[in-house]
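So this one's coords-v1.cif, mmCIF, C-alpha atoms and all ligand atoms:
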data_coords
loop_
_atom_site.label_atom_id
_atom_site.label_comp_id
_atom_site.auth_asym_id
_atom_site.auth_seq_id
_atom_site.Cartn_x
_atom_site.Cartn_y
_atom_site.Cartn_z
CA MET A 1 178.02 -45.21 -89.89
CA ASP A 2 179.34 -48.68 -90.67
CA GLY A 3 182.49 -49.47 -92.66
CA ALA A 4 180.92 -50.09 -96.06
CA GLY A 5 179.26 -46.69 -96.22
CA MET A 6 182.25 -44.58 -95.15
CA GLY A 7 182.39 -42.10 -97.98
CA THR A 8 179.20 -42.95 -99.80
CA LEU A 9 175.71 -41.63 -99.22
CA GLN A 10 172.47 -43.04 -100.54
CA ASP A 11 172.03 -43.18 -104.36
CA SER A 12 168.91 -41.54 -105.74
CA ARG A 13 167.01 -41.77 -109.01
CA GLN A 14 166.52 -38.39 -110.65
CA SER A 15 165.26 -37.05 -113.94
CA LEU A 16 165.66 -33.89 -115.97
CA GLU A 17 164.31 -32.50 -119.28
CA LEU A 18 167.22 -32.26 -121.72
CA ASN A 19 167.33 -32.11 -125.54
CA GLY A 20 163.52 -32.24 -125.52
CA GLU A 21 163.33 -35.56 -123.69
CA THR A 22 163.31 -36.79 -120.12
CA VAL A 23 166.72 -38.05 -119.05
CA ASP A 24 166.71 -40.36 -116.03
CA PHE A 25 169.93 -40.50 -114.09
CA LEU A 26 171.37 -42.12 -111.03
CA LEU A 27 172.77 -39.59 -108.59
CA ARG A 28 175.60 -40.91 -106.41
CA ARG A 29 176.70 -38.56 -103.69
CA SER A 30 179.94 -39.01 -101.85
CA ARG A 31 181.61 -37.31 -98.90
CA ARG A 32 185.08 -37.83 -100.35
CA ARG A 33 184.46 -36.60 -103.88
CA ARG A 34 185.35 -32.98 -104.68
CA THR A 35 184.15 -32.64 -108.31
CA LEU A 36 181.14 -33.56 -110.43
CA ALA A 37 181.50 -36.42 -112.91
CA LEU A 38 179.16 -37.68 -115.59
CA ARG A 39 179.16 -41.15 -117.11
CA VAL A 40 177.03 -42.92 -119.72
CA GLY A 41 177.01 -46.70 -119.36
CA GLU A 42 176.84 -49.52 -121.93
CA THR A 43 173.08 -49.39 -122.35
CA GLY A 44 172.78 -45.61 -122.18
CA GLU A 45 172.15 -45.27 -118.43
CA VAL A 46 173.35 -41.96 -117.03
CA VAL A 47 175.26 -41.76 -113.73
CA VAL A 48 176.27 -38.55 -111.98
CA ASN A 49 178.87 -38.74 -109.22
CA ALA A 50 178.67 -35.69 -106.99
CA PRO A 51 180.23 -34.34 -103.82
CA HIS A 52 177.71 -34.34 -100.95
CA PHE A 53 177.62 -30.53 -100.76
CA VAL A 54 176.59 -29.73 -104.35
CA ALA A 55 172.97 -28.53 -104.69
CA LEU A 56 170.61 -30.33 -107.06
CA GLY A 57 170.19 -27.12 -109.09
CA ASP A 58 173.95 -27.07 -109.75
CA ILE A 59 173.84 -30.71 -110.83
CA HIS A 60 171.03 -29.83 -113.27
CA ARG A 61 173.08 -26.95 -114.66
CA PHE A 62 176.08 -29.27 -114.99
CA LEU A 63 173.99 -31.79 -116.97
CA HIS A 64 172.55 -29.00 -119.09
CA SER A 65 176.03 -27.75 -120.01
CA HIS A 66 176.93 -31.29 -121.13
CA ARG A 67 173.63 -31.95 -122.92
CA LEU A 68 175.10 -32.27 -126.43
CA TRP A 69 177.79 -34.71 -125.34
CA LEU A 70 175.18 -36.60 -123.34
CA GLY A 71 172.82 -36.80 -126.31
CA ARG A 72 175.59 -38.19 -128.52
CA GLN A 73 176.66 -40.77 -125.94
CA ARG A 74 173.10 -41.94 -125.42
CA CYS A 75 172.51 -42.23 -129.18
CA ALA A 76 175.69 -44.24 -129.57
CA ALA A 77 174.72 -46.56 -126.69
CA ARG A 78 171.27 -47.14 -128.15
CA ALA A 79 172.74 -47.73 -131.61
CA ARG A 80 175.07 -50.39 -130.23
CA PHE A 81 172.00 -52.17 -128.99
CA PHE A 82 170.08 -52.45 -132.23
CA ALA A 83 169.54 -56.17 -132.74
CA TRP A 84 169.18 -57.53 -136.28
CA VAL A 85 166.88 -60.33 -135.22
CA GLU A 86 163.65 -61.90 -136.38
CA GLY A 87 160.77 -59.57 -135.48
CA ALA A 88 162.91 -56.41 -135.11
CA ALA A 89 160.99 -53.18 -135.82
CA MET A 90 162.52 -51.52 -138.87
CA PRO A 91 161.56 -47.84 -139.17
CA TRP A 92 160.12 -47.13 -142.60
CA LEU A 93 158.39 -43.92 -143.80
CA GLY A 94 157.13 -43.07 -140.33
CA SER A 95 155.88 -46.56 -139.62
CA THR A 96 157.71 -49.85 -139.06
CA LEU A 97 158.28 -53.03 -140.99
CA THR A 98 158.78 -56.27 -139.09
CA LEU A 99 162.04 -57.93 -139.95
CA SER A 100 161.62 -61.46 -141.22
CA LEU A 101 164.82 -63.43 -141.79
CA LEU A 102 164.67 -66.14 -144.42
CA PRO A 103 167.36 -68.75 -144.89
CA GLY A 104 170.00 -67.17 -147.13
CA GLY A 105 170.72 -69.21 -150.22
CA GLY A 106 173.20 -68.32 -152.93
CA CYS A 107 172.07 -64.73 -153.37
CA SER A 108 171.00 -62.08 -150.86
CA ARG A 109 167.66 -60.42 -151.32
CA VAL A 110 165.43 -57.92 -149.50
CA GLN A 111 161.80 -57.14 -150.12
CA ALA A 112 159.08 -55.16 -148.33
CA GLU A 113 155.79 -57.00 -148.32
CA GLU A 114 152.61 -56.55 -146.26
CA GLY A 115 154.24 -54.82 -143.32
CA ARG A 116 157.23 -57.13 -143.30
CA LEU A 117 160.78 -56.66 -144.46
CA LEU A 118 161.86 -60.00 -145.85
CA CYS A 119 165.57 -60.59 -145.94
CA ALA A 120 167.37 -63.61 -147.27
CA ALA A 121 171.07 -63.37 -146.49
CA PRO A 122 173.75 -65.14 -144.49
CA PRO A 123 173.34 -64.02 -140.83
CA ASP A 124 176.46 -61.84 -140.75
CA GLY A 125 175.44 -60.19 -144.04
CA VAL A 126 172.00 -59.02 -142.89
CA PRO A 127 172.97 -55.48 -141.75
CA ALA A 128 174.86 -54.68 -144.97
CA VAL A 129 172.21 -56.14 -147.25
CA ILE A 130 169.39 -54.26 -145.53
CA THR A 131 171.36 -51.01 -145.38
CA ARG A 132 171.90 -51.21 -149.15
CA TRP A 133 168.18 -51.80 -149.65
CA TYR A 134 167.38 -48.66 -147.62
CA GLN A 135 169.90 -46.68 -149.64
CA ARG A 136 168.40 -47.80 -152.96
CA GLN A 137 164.90 -46.86 -151.77
CA ALA A 138 166.23 -43.55 -150.46
CA ARG A 139 167.80 -42.66 -153.79
CA GLU A 140 164.51 -43.23 -155.58
CA LEU A 141 162.10 -41.70 -153.06
CA LEU A 142 164.22 -38.69 -152.11
CA THR A 143 165.06 -37.86 -155.74
CA GLN A 144 161.35 -37.89 -156.54
CA ARG A 145 160.39 -35.77 -153.55
CA LEU A 146 163.17 -33.24 -154.06
CA GLY A 147 162.00 -32.89 -157.67
CA GLN A 148 158.41 -32.32 -156.61
CA HIS A 149 159.29 -29.61 -154.10
CA ALA A 150 161.70 -27.86 -156.47
CA SER A 151 159.12 -27.80 -159.28
CA ARG A 152 156.43 -26.60 -156.90
CA ILE A 153 158.44 -23.44 -156.25
CA GLY A 154 159.63 -23.09 -159.84
CA ARG A 155 163.27 -23.93 -159.18
CA PRO A 156 165.37 -26.18 -161.38
CA VAL A 157 165.76 -29.58 -159.68
CA PRO A 158 169.15 -29.53 -157.91
CA PRO A 159 171.47 -32.55 -158.06
CA LEU A 160 171.07 -34.91 -155.10
CA ARG A 161 173.85 -36.61 -153.21
CA LEU A 162 172.91 -39.38 -150.81
CA SER A 163 174.80 -38.94 -147.57
CA ASP A 164 175.78 -41.35 -144.81
CA ALA A 165 176.59 -38.64 -142.24
CA ARG A 166 176.32 -39.76 -138.63
CA THR A 167 174.78 -36.56 -137.33
CA ARG A 168 173.25 -34.52 -140.17
CA TRP A 169 170.04 -34.86 -142.11
CA GLY A 170 170.93 -32.63 -144.98
CA SER A 171 173.10 -29.85 -146.35
CA LEU A 172 173.52 -27.65 -149.39
CA SER A 173 176.96 -27.31 -150.93
CA ALA A 174 178.35 -24.07 -152.32
CA ARG A 175 177.87 -25.56 -155.80
CA GLY A 176 174.18 -26.18 -155.17
CA VAL A 177 174.26 -29.93 -154.55
CA VAL A 178 171.67 -31.06 -152.01
CA SER A 179 172.87 -33.80 -149.67
CA LEU A 180 170.24 -35.87 -147.90
CA ASN A 181 170.89 -38.63 -145.41
CA TRP A 182 169.63 -42.00 -146.69
CA ARG A 183 168.18 -42.65 -143.21
CA LEU A 184 165.49 -40.08 -143.98
CA VAL A 185 163.36 -42.84 -145.55
CA LYS A 186 162.86 -44.16 -142.03
CA ALA A 187 161.07 -40.90 -141.19
CA ASP A 188 157.54 -39.75 -141.80
CA TRP A 189 156.85 -37.77 -145.03
CA ARG A 190 156.32 -34.63 -142.92
CA GLU A 191 159.83 -34.94 -141.54
CA ILE A 192 161.26 -35.70 -145.00
CA ASP A 193 159.47 -32.69 -146.50
CA TYR A 194 160.79 -30.46 -143.74
CA VAL A 195 164.41 -31.47 -144.41
CA ILE A 196 164.02 -31.04 -148.17
CA CYS A 197 162.37 -27.62 -147.82
CA HIS A 198 165.04 -26.62 -145.28
CA GLU A 199 167.76 -27.31 -147.85
CA LEU A 200 165.81 -25.62 -150.66
CA ALA A 201 165.40 -22.54 -148.45
CA HIS A 202 169.21 -22.39 -148.21
CA PHE A 203 169.33 -21.49 -151.91
CA ARG A 204 167.94 -18.10 -150.89
CA GLN A 205 169.38 -17.81 -147.38
CA ARG A 206 172.63 -19.60 -146.63
CA ASP A 207 172.57 -19.00 -142.88
CA HIS A 208 169.99 -19.84 -140.20
CA SER A 209 168.83 -16.25 -139.71
CA PRO A 210 165.21 -15.25 -139.03
CA ALA A 211 164.94 -14.51 -142.77
CA PHE A 212 165.93 -18.11 -143.47
CA TRP A 213 163.21 -19.49 -141.16
CA ARG A 214 160.65 -17.21 -142.83
CA GLU A 215 161.72 -18.74 -146.14
CA VAL A 216 161.30 -22.25 -144.70
CA ALA A 217 157.83 -21.31 -143.45
CA THR A 218 156.71 -20.21 -146.91
CA LEU A 219 157.94 -23.50 -148.42
CA PHE A 220 156.63 -25.69 -145.61
CA PRO A 221 154.26 -24.02 -143.12
CA ALA A 222 154.19 -26.96 -140.64
CA TRP A 223 157.98 -26.93 -140.31
CA GLU A 224 158.10 -26.41 -136.56
CA THR A 225 156.13 -29.55 -135.70
CA ALA A 226 158.02 -31.60 -138.27
CA ARG A 227 161.36 -30.36 -136.99
CA ARG A 228 160.46 -31.26 -133.42
CA GLU A 229 159.26 -34.72 -134.44
CA LEU A 230 162.44 -35.32 -136.39
CA ARG A 231 164.55 -34.27 -133.43
CA ASP A 232 162.63 -36.56 -131.06
CA ASN A 233 162.96 -39.52 -133.43
CA THR A 234 166.55 -38.98 -134.51
CA TRP A 235 168.06 -41.47 -132.04
CA ARG A 236 165.77 -44.17 -133.46
CA TYR A 237 166.53 -43.37 -137.08
CA PHE A 238 170.26 -43.41 -136.39
CA GLN A 239 170.28 -46.84 -134.76
CA PHE A 240 171.58 -48.19 -138.04
ZN ZN A 301 170.38 -25.50 -142.49
#
How does this structure look as structure tokens?
Amino acid sequence: MDGAGMGTLQDSRQSLELNGETVDFLLRRSRRRRTLALRVGETGEVVVNAPHFVALGDIHRFLHSHRLWLGRQRCAARARFFAWVEGAAMPWLGSTLTLSLLPGGGCSRVQAEEGRLLCAAPPDGVPAVITRWYQRQARELLTQRLGQHASRIGRPVPPLRLSDARTRWGSLSARGVVSLNWRLVKADWREIDYVICHELAHFRQRDHSPAFWREVATLFPAWETARRELRDNTWRYFQF
């Protein structure tokens, strides 16, 4: 063995199913290292540093036990890389609008038109202006949809609070206020309906017991597919 490779063995590219998606990672084995270490880089790349003697199955178990942390780190890395540039794909009701930046004059303005999201704002104001546009649309669309589902099951329409939570889609307060994340308007109607029906089901079952999921199924039979889709898309919807 030559000098450069003293403690280090060959790196290998690996992958593993975690959180319902394939996670690629770089496995670096070393003769000197005694413990496993996990790192998520700037752009979301995953690196595992491992002692040479640890079996691949143990490395998989190690990753599995850190899957929630890993998911959060990867989301955060991807979010840092959302670029507010001409042509960016803006998720909107399960499809995308193409961002079109217009020269910002005196007043900022956003408008959806023929598959494009037109935004006139000073360059550093674009994220805030567009976020406010999403929030206004969310208030209108989610209020309407919550009302429709509540009436459908003969329940008085609960008050809606628009939330900006970084990790949750919805919740129901003890006082019966439904909170929905404004980012839901990026999702497909199926996913939106699932979240709304999930919160409505909490009026009858506060926990996540089997009885609760039966309640969800009566309100929204396709809940399982919608829930899976929402989970798979969450990182995208939370980019901004
Ligand atoms: Zn719940």
Within 9 Å of (164.6, -26.5, -145.0), only C-alpha atoms: residues as a PyMOL selection string? chain A and resi 170+193-202+212-213+215-217+219-220+223
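Contact shell of Pro158 in chain A at 12 Å (only C-alpha atoms; same-chain neighbours under 5 positions omitted): Leu142, Thr143, Gln144, Arg145, Leu146, Gly147, Gln148, His149, Ala150, Ser151, Leu172, Ser173, Arg175, Gly176, Val177, Val178, Ser179, Leu180, Ile196, Glu199, Leu200 and Phe203 of chain A.
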Find the distance between CA of Val129 in chain A and CA of Trp84 in chain A and write it in Å to one decimal. 11.5 Å
Which one is closest to ligand ZN 301 (chain A): A:Glu140, A:Asp207, A:Asp232, A:Glu224? Count only C-alpha atoms and all ligand atoms.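 Looking at the shortest contact to ligand ZN 301 (chain A), the residue is A:Asp207.
Between CA of Leu63 in chain A and CA of Pro51 in chain A lies a distance of 14.8 Å.
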Counting only C-alpha atoms, select every polymer residue within 10 Å of (165.8, -38.9, -144.7) as defined in the file's coordinates, and provide the selection as a VMD selection string. chain A and resid 93 138 141 to 142 162 to 163 168 to 170 180 to 189 191 to 196 230 237
Would you pick out the contacts of His60 in chain A at 12 Å or less, using all atoms listed in the file, so that residues sharing its chain but fewer than 2 positions from it are not included, and give the list as a PDB file with C-alpha atoms, in the frame of the given file?
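See selection30.pdb below for the written result:
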ATOM      1  CA  GLN A  14     166.520 -38.390-110.650  1.00  0.00           C
ATOM      2  CA  SER A  15     165.260 -37.050-113.940  1.00  0.00           C
ATOM      3  CA  LEU A  16     165.660 -33.890-115.970  1.00  0.00           C
ATOM      4  CA  GLU A  17     164.310 -32.500-119.280  1.00  0.00           C
ATOM      5  CA  LEU A  18     167.220 -32.260-121.720  1.00  0.00           C
ATOM      6  CA  VAL A  23     166.720 -38.050-119.050  1.00  0.00           C
ATOM      7  CA  ASP A  24     166.710 -40.360-116.030  1.00  0.00           C
ATOM      8  CA  PHE A  25     169.930 -40.500-114.090  1.00  0.00           C
ATOM      9  CA  LEU A  27     172.770 -39.590-108.590  1.00  0.00           C
ATOM     10  CA  LEU A  36     181.140 -33.560-110.430  1.00  0.00           C
ATOM     11  CA  LEU A  38     179.160 -37.680-115.590  1.00  0.00           C
ATOM     12  CA  VAL A  48     176.270 -38.550-111.980  1.00  0.00           C
ATOM     13  CA  ALA A  50     178.670 -35.690-106.990  1.00  0.00           C
ATOM     14  CA  VAL A  54     176.590 -29.730-104.350  1.00  0.00           C
ATOM     15  CA  ALA A  55     172.970 -28.530-104.690  1.00  0.00           C
ATOM     16  CA  LEU A  56     170.610 -30.330-107.060  1.00  0.00           C
ATOM     17  CA  GLY A  57     170.190 -27.120-109.090  1.00  0.00           C
ATOM     18  CA  ASP A  58     173.950 -27.070-109.750  1.00  0.00           C
ATOM     19  CA  PHE A  62     176.080 -29.270-114.990  1.00  0.00           C
ATOM     20  CA  LEU A  63     173.990 -31.790-116.970  1.00  0.00           C
ATOM     21  CA  HIS A  64     172.550 -29.000-119.090  1.00  0.00           C
ATOM     22  CA  SER A  65     176.030 -27.750-120.010  1.00  0.00           C
ATOM     23  CA  HIS A  66     176.930 -31.290-121.130  1.00  0.00           C
ATOM     24  CA  ARG A  67     173.630 -31.950-122.920  1.00  0.00           C
TER      25      ARG A  67
END
For Ala77 in chain A, find every residue with an atom within 12 Å (counting all atoms listed in the file), except residues of its own chain fewer than 5 positions away, and show them as a list in words.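 Residues meeting the cut-off are Arg39, Val40, Gly41, Glu42, Thr43, Gly44, Glu45, Val46, Leu70, Gly71, Arg72, Phe82, Trp235, Arg236, Phe238, Gln239 and Phe240 of chain A.
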Export of prior selection with C-alpha atoms as a PDB file, keeping the file's coordinate frame:
ATOM      1  CA  ARG A  39     179.160 -41.150-117.110  1.00  0.00           C
ATOM      2  CA  VAL A  40     177.030 -42.920-119.720  1.00  0.00           C
ATOM      3  CA  GLY A  41     177.010 -46.700-119.360  1.00  0.00           C
ATOM      4  CA  GLU A  42     176.840 -49.520-121.930  1.00  0.00           C
ATOM      5  CA  THR A  43     173.080 -49.390-122.350  1.00  0.00           C
ATOM      6  CA  GLY A  44     172.780 -45.610-122.180  1.00  0.00           C
ATOM      7  CA  GLU A  45     172.150 -45.270-118.430  1.00  0.00           C
ATOM      8  CA  VAL A  46     173.350 -41.960-117.030  1.00  0.00           C
ATOM      9  CA  LEU A  70     175.180 -36.600-123.340  1.00  0.00           C
ATOM     10  CA  GLY A  71     172.820 -36.800-126.310  1.00  0.00           C
ATOM     11  CA  ARG A  72     175.590 -38.190-128.520  1.00  0.00           C
ATOM     12  CA  PHE A  82     170.080 -52.450-132.230  1.00  0.00           C
ATOM     13  CA  TRP A 235     168.060 -41.470-132.040  1.00  0.00           C
ATOM     14  CA  ARG A 236     165.770 -44.170-133.460  1.00  0.00           C
ATOM     15  CA  PHE A 238     170.260 -43.410-136.390  1.00  0.00           C
ATOM     16  CA  GLN A 239     170.280 -46.840-134.760  1.00  0.00           C
ATOM     17  CA  PHE A 240     171.580 -48.190-138.040  1.00  0.00           C
TER      18      PHE A 240
END
What is the CA of Gly87 in chain A-CA of Ala128 in chain A distance in Å, reported with one decimal? 17.7 Å
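Ranking A:Ser95, A:Ser209, A:Tyr134, A:Pro221 by their shortest atom-to-atom distance to ligand ZN 301 (chain A), with only C-alpha atoms and all ligand atoms included, puts A:Ser209 first.
The closest residue to ligand ZN 301 (chain A), picked from A:Arg109, A:Leu101, A:Pro210, A:Asn233 and counting only C-alpha atoms and all ligand atoms, is A:Pro210.
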For each of A:Ala222, A:Arg206, A:Leu160, A:Arg228, take the minimum atom-to-atom distance to ligand ZN 301 (chain A), counting all atoms listed in the file, then give the residue where this is smallest.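 Of A:Ala222, A:Arg206, A:Leu160, A:Arg228, the one nearest ligand ZN 301 (chain A) is A:Arg206, counting all atoms listed in the file.
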Proximity to ligand ZN 301 (chain A) - best of A:Ala226, A:Val126, A:Gln205, A:Gly94, all atoms listed in the file: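 Of A:Ala226, A:Val126, A:Gln205, A:Gly94, the one nearest ligand ZN 301 (chain A), counting all atoms listed in the file, is A:Gln205.
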Min atom-atom distance to Arg32 in chain A from the set A:Asn49, A:Gln137, A:Thr131, A:Thr225, counting only C-alpha atoms, belongs to A:Asn49
Regenerate range 85-110 of chain A at the level of N, CA and C atoms and dump it as a PDB file, in the frame of the given file.
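Generated file (result.pdb):
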ATOM      1  N   VAL A  85     167.461 -59.013-135.474  1.00  0.00           N
ATOM      2  CA  VAL A  85     166.880 -60.330-135.220  1.00  0.00           C
ATOM      3  C   VAL A  85     165.472 -60.423-135.803  1.00  0.00           C
ATOM      4  N   GLU A  86     165.009 -61.629-135.960  1.00  0.00           N
ATOM      5  CA  GLU A  86     163.650 -61.900-136.380  1.00  0.00           C
ATOM      6  C   GLU A  86     162.668 -61.065-135.551  1.00  0.00           C
ATOM      7  N   GLY A  87     161.781 -60.352-136.204  1.00  0.00           N
ATOM      8  CA  GLY A  87     160.770 -59.570-135.480  1.00  0.00           C
ATOM      9  C   GLY A  87     161.194 -58.153-135.116  1.00  0.00           C
ATOM     10  N   ALA A  88     162.445 -57.775-135.424  1.00  0.00           N
ATOM     11  CA  ALA A  88     162.910 -56.410-135.110  1.00  0.00           C
ATOM     12  C   ALA A  88     162.051 -55.385-135.851  1.00  0.00           C
ATOM     13  N   ALA A  89     161.780 -54.248-135.200  1.00  0.00           N
ATOM     14  CA  ALA A  89     160.990 -53.180-135.820  1.00  0.00           C
ATOM     15  C   ALA A  89     161.903 -52.304-136.651  1.00  0.00           C
ATOM     16  N   MET A  90     161.682 -52.292-137.973  1.00  0.00           N
ATOM     17  CA  MET A  90     162.520 -51.520-138.870  1.00  0.00           C
ATOM     18  C   MET A  90     161.768 -50.247-139.259  1.00  0.00           C
ATOM     19  N   PRO A  91     162.261 -49.073-138.832  1.00  0.00           N
ATOM     20  CA  PRO A  91     161.560 -47.840-139.170  1.00  0.00           C
ATOM     21  C   PRO A  91     161.486 -47.646-140.680  1.00  0.00           C
ATOM     22  N   TRP A  92     160.304 -47.286-141.158  1.00  0.00           N
ATOM     23  CA  TRP A  92     160.120 -47.130-142.600  1.00  0.00           C
ATOM     24  C   TRP A  92     159.013 -46.130-142.878  1.00  0.00           C
ATOM     25  N   LEU A  93     159.343 -44.973-143.451  1.00  0.00           N
ATOM     26  CA  LEU A  93     158.390 -43.920-143.800  1.00  0.00           C
ATOM     27  C   LEU A  93     157.411 -43.615-142.668  1.00  0.00           C
ATOM     28  N   GLY A  94     157.941 -43.470-141.477  1.00  0.00           N
ATOM     29  CA  GLY A  94     157.130 -43.070-140.330  1.00  0.00           C
ATOM     30  C   GLY A  94     156.386 -44.204-139.674  1.00  0.00           C
ATOM     31  N   SER A  95     156.505 -45.400-140.232  1.00  0.00           N
ATOM     32  CA  SER A  95     155.880 -46.560-139.620  1.00  0.00           C
ATOM     33  C   SER A  95     156.987 -47.598-139.387  1.00  0.00           C
ATOM     34  N   THR A  96     156.651 -48.843-139.179  1.00  0.00           N
ATOM     35  CA  THR A  96     157.710 -49.850-139.060  1.00  0.00           C
ATOM     36  C   THR A  96     157.367 -51.084-139.876  1.00  0.00           C
ATOM     37  N   LEU A  97     158.404 -51.737-140.346  1.00  0.00           N
ATOM     38  CA  LEU A  97     158.280 -53.030-140.990  1.00  0.00           C
ATOM     39  C   LEU A  97     158.869 -54.050-140.026  1.00  0.00           C
ATOM     40  N   THR A  98     158.275 -55.228-139.981  1.00  0.00           N
ATOM     41  CA  THR A  98     158.780 -56.270-139.090  1.00  0.00           C
ATOM     42  C   THR A  98     159.800 -57.116-139.840  1.00  0.00           C
ATOM     43  N   LEU A  99     160.978 -57.190-139.272  1.00  0.00           N
ATOM     44  CA  LEU A  99     162.040 -57.930-139.950  1.00  0.00           C
ATOM     45  C   LEU A  99     161.754 -59.431-139.933  1.00  0.00           C
ATOM     46  N   SER A 100     161.836 -60.024-141.113  1.00  0.00           N
ATOM     47  CA  SER A 100     161.620 -61.460-141.220  1.00  0.00           C
ATOM     48  C   SER A 100     162.828 -62.063-141.938  1.00  0.00           C
ATOM     49  N   LEU A 101     163.580 -62.863-141.230  1.00  0.00           N
ATOM     50  CA  LEU A 101     164.820 -63.430-141.790  1.00  0.00           C
ATOM     51  C   LEU A 101     164.529 -64.784-142.420  1.00  0.00           C
ATOM     52  N   LEU A 102     164.870 -64.878-143.692  1.00  0.00           N
ATOM     53  CA  LEU A 102     164.670 -66.140-144.420  1.00  0.00           C
ATOM     54  C   LEU A 102     166.027 -66.798-144.578  1.00  0.00           C
ATOM     55  N   PRO A 103     166.054 -68.100-144.713  1.00  0.00           N
ATOM     56  CA  PRO A 103     167.360 -68.750-144.890  1.00  0.00           C
ATOM     57  C   PRO A 103     168.039 -68.192-146.145  1.00  0.00           C
ATOM     58  N   GLY A 104     169.268 -67.744-145.997  1.00  0.00           N
ATOM     59  CA  GLY A 104     170.000 -67.170-147.130  1.00  0.00           C
ATOM     60  C   GLY A 104     170.573 -68.244-148.019  1.00  0.00           C
ATOM     61  N   GLY A 105     170.177 -68.241-149.271  1.00  0.00           N
ATOM     62  CA  GLY A 105     170.720 -69.210-150.220  1.00  0.00           C
ATOM     63  C   GLY A 105     171.938 -68.637-150.881  1.00  0.00           C
ATOM     64  N   GLY A 106     172.038 -68.800-152.189  1.00  0.00           N
ATOM     65  CA  GLY A 106     173.200 -68.320-152.930  1.00  0.00           C
ATOM     66  C   GLY A 106     173.233 -66.808-153.015  1.00  0.00           C
ATOM     67  N   CYS A 107     172.049 -66.181-153.191  1.00  0.00           N
ATOM     68  CA  CYS A 107     172.070 -64.730-153.370  1.00  0.00           C
ATOM     69  C   CYS A 107     171.256 -64.044-152.275  1.00  0.00           C
ATOM     70  N   SER A 108     171.690 -62.835-151.902  1.00  0.00           N
ATOM     71  CA  SER A 108     171.000 -62.080-150.860  1.00  0.00           C
ATOM     72  C   SER A 108     169.866 -61.293-151.501  1.00  0.00           C
ATOM     73  N   ARG A 109     168.798 -61.130-150.732  1.00  0.00           N
ATOM     74  CA  ARG A 109     167.660 -60.420-151.320  1.00  0.00           C
ATOM     75  C   ARG A 109     166.824 -59.816-150.206  1.00  0.00           C
ATOM     76  N   VAL A 110     166.280 -58.620-150.469  1.00  0.00           N
ATOM     77  CA  VAL A 110     165.430 -57.920-149.500  1.00  0.00           C
ATOM     78  C   VAL A 110     164.177 -57.464-150.199  1.00  0.00           C
TER      79      VAL A 110
END
